[in-house]
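Right, one structure below, let's go through it.
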Amino acid sequence: MPFSDPSARRRSSRRPLFVALVAGAFAIPVMVAAGLQPAAAANLPGRAALLNAPAWTATTTSLGPAPAASTVSFSVAIAPRDAAGAQAFADAVSDPRSASYRHYLTPQQYTARFGATASDVAAVLSWLHGAGLQTGTVPISNSYVPVTGSIAAVNKAFGTTIKSYHRNNRQVIAPASALTVPAALAGRVSDVLGLDTSQVYRSGAKATPTGASAGNITCSTYWGENTNTSYATAPAPLSGNLPNRACYTPSTLNAARGIPATGKTGAGVTVGIVLWCDSHTIPSDVNTWAAQVGSPALTAGQFTAQDPAIWDVYCTSQANIDNSMVETALDAESIHGAAPDATIIYAAAAGPYSNYLLTATQSLVNANQVQVITNSWGGAESTAFLHSVYLQAASQGISVMASSGDDGDNTYTNGSASKARPSADYPASDSELTSIGGTSLGISSTNSVLFEQAWYDVISRRSGTTWGSDVFYGASGGGKSALTSQPSYQAGIVPSTFSGHPAKRAYPDIANIADSQTGYVVGVTQAGAYTTLTVGGTSLASPYTAGEVALAIQTKGARLGFLNPKLYLNRATAVSDVSGSTVNEGTEGKWKNPSTGAITEPTTYFLNGMSLLASSQQSVAGWDNVTGLGAVSNASNFITAIQ
Ligand SMILES: [Ca+2]
């Protein structure tokens, strides 16, 4: 996985913690878009076009038809009765200038007004059953049907051939030709999710803590607490001995963000997390961590996991579970750190695939118990498969946020100089959520902010007496969607240099702490043992911001809904602009090759290092594609601006 790093056993002079490693918790590989694209036309009598085969299947030699008797699980999305009306309603209810601002609907009202009709659902079920497929429970939103069946039945239902391929270093299946549906269902079936298993969504750091055995050094509880005088002086543009990485506790970060002054704790607010897999150790991990960092323990019922009835095989691997639990722990402990009285619901998807992520997200929205949802996962943008669910969330007053990704514009991956074309991540690029980018945040011994700059880390590693060339290490995701046009709230605010011609949805919207060199203390059980790590990535920025939104909801005493229209209107006070691309901060440590596990030492980390590599990203005055409108630098200002 792209993000990994040697550990740093911590012996804090302030608190007796054991902090083992630094890692970005959100790593999206550079991938060619692998999703299914809408088809232009069907050329079979009695059939209507639905989706084209994934573009990559045209250039990939198949291993032959998938075994006819093998079983697959996927979802068939049913078109809402009024998609345009649903978008218009979500726009109006989220716009402070609209007469219907914040006049939210219940899930039942939403389905009755915009969802597929009962007869549409019945027609889709009849078709699937007629093809020999089994169907699961249709959610109250009538938005999709979970389906299980044989490859033979799938081939028959969709008039295609599912084939096996070797792709991304594993065996996958995908339709080898276009998918069609009976002509009578034209326009009623809108998408099929899960038949192309090459698209795996990503989250979670995979670093292995190796502690003092790897010669690591302590991390700092504040910026500059420890300096690596034993290392060689840093290469240009930095010089001298550099501090080591920082690992903040909630009290340090909250103080820097002005949270204590708000007097709010998130009481009465429920925040939802979407990820996949579950180890069931999170509540106890949060409590062990809370005791270490001085946060309150969870009360009974404050954290609930909602697991699926059946796990995908992915989530039966202990290594995969452990990887996803780093992210889930980070999510829960970031929310709990910022809003210690907020209730948390973890919606666990059965695996990192679109059909399961749809199920988990839709269940949170249909239950309508949460006021905020945070997503610290993503992948190559191919279809905006959650957009209709986010419209429903907006219509019910649920604020949705997503981390913007950890690989910048996806031109580079961690530790690699290989180049690809800039591309977008999903769901970060969805226009109906608040996309959270990242910053590097220096906090002093008295909890004041020493610096906050665009998160774009570049590293140089020394071999003998020679410093190597500068290599990408991790950066706030940002860019523009290839699928989605510019939403009205960005018009006139996002410069065309970022939105393109014609203008597209550009992201992120705002930013928060993300640099793993200025990271956050997280506790999680790995391989059966509780470990304390230092974690960064926009995987930290999104849930921490979700915690701050919980404070705002408590302040308002009501749901705030989709935040972007008001955020963009009140941008001058909601956030602080971040600009500048001159490297003026760095840390020194050791770097672990994510492929070989080899430790390289010493390593200089250039913070704000985008000027050292070619990139489509810029940190400039006003909106930019690293930090959006700017950083959530002061909780009181942010809360006031989104009320
Ligand atoms: Ca800026």
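Going through the structure tokens in order, the chains are called A, B, and so on, while each chain numbers its residues from 1 and the ligands are numbered from 1 in the order shown.
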
Contacts with ligand 1 at most 12 Å, only C-alpha atoms and all ligand atoms counted, listed as an MDAnalysis selection string: chainID A and resid 437:439 452:455 493:495 498 508:511 571:572 575:581 617:631

Strand (DSSP E or B) per DSSP on the backbone: members of stretch 43-186 of chain A, as an NGL selection string: :A and (47-51 or 64-65 or 71-78 or 134-135 or 144-150 or 162-167 or 170-175 or 179-182)

Selection near stretch 264-276 of chain A, 7 Å with only C-alpha atoms, sequence-local residues under 3 positions removed, as a short mmCIF file (atom, residue, chain, number, x, y, z; two decimals) with C-alpha atoms, in the first residue's frame:
```
data_model
loop_
_atom_site.label_atom_id
_atom_site.label_comp_id
_atom_site.auth_asym_id
_atom_site.auth_seq_id
_atom_site.Cartn_x
_atom_site.Cartn_y
_atom_site.Cartn_z
CA SER A 324 -9.72 -1.21 7.89
CA ALA A 339 -17.07 15.97 20.14
CA PRO A 340 -16.74 13.62 23.14
CA ASP A 341 -20.49 13.53 23.85
CA ALA A 342 -21.59 12.77 20.27
CA THR A 343 -23.08 9.37 19.55
CA ILE A 344 -21.36 7.38 16.80
CA ILE A 345 -22.90 4.79 14.47
CA TYR A 346 -20.47 2.73 12.41
CA ALA A 347 -22.14 1.41 9.25
CA ALA A 348 -19.90 -1.45 8.17
CA ALA A 349 -20.07 -2.38 4.50
CA ALA A 350 -19.64 -6.09 3.77
CA GLY A 351 -16.58 -5.29 1.64
CA PRO A 352 -14.83 -2.43 -0.19
CA ALA A 360 -24.18 0.83 4.16
CA THR A 361 -24.74 4.45 3.14
CA GLN A 369 -30.69 8.63 13.09
CA VAL A 370 -27.52 10.49 12.11
CA GLN A 371 -27.15 14.20 11.43
CA VAL A 372 -23.65 13.87 9.98
CA ILE A 373 -21.93 11.17 7.88
CA THR A 374 -18.17 10.98 7.34
CA ASN A 375 -16.45 8.91 4.62
CA ALA A 550 -21.51 17.96 15.48
CA LEU A 551 -20.62 20.89 17.73
CA ILE A 553 -25.49 21.05 15.20
CA GLN A 554 -25.57 21.04 19.00
#
```

Those in stretch 227-280 of chain A with helix (DSSP H, G or I) from DSSP, as a PyMOL selection string: chain A and resi 250-257+260-262

Residues within 12 Å of stretch 162-169 of chain A, only C-alpha atoms, excluding chain neighbours under 4 positions, as number ranges by chain: A: 29-32, 34, 53-54, 56-72, 150-158, 173-179, 194-200

Spatial neighbours of stretch 180-187 of chain A, 10 Å, only C-alpha atoms, chain gap at least 6 places, as a PyMOL selection string: chain A and resi 39+41-52+78-81+120+123-124+127+156-160

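Across the structure, atom CA of A:Ser615 and atom CA of A:Thr411 are spaced 7.2 Å apart.
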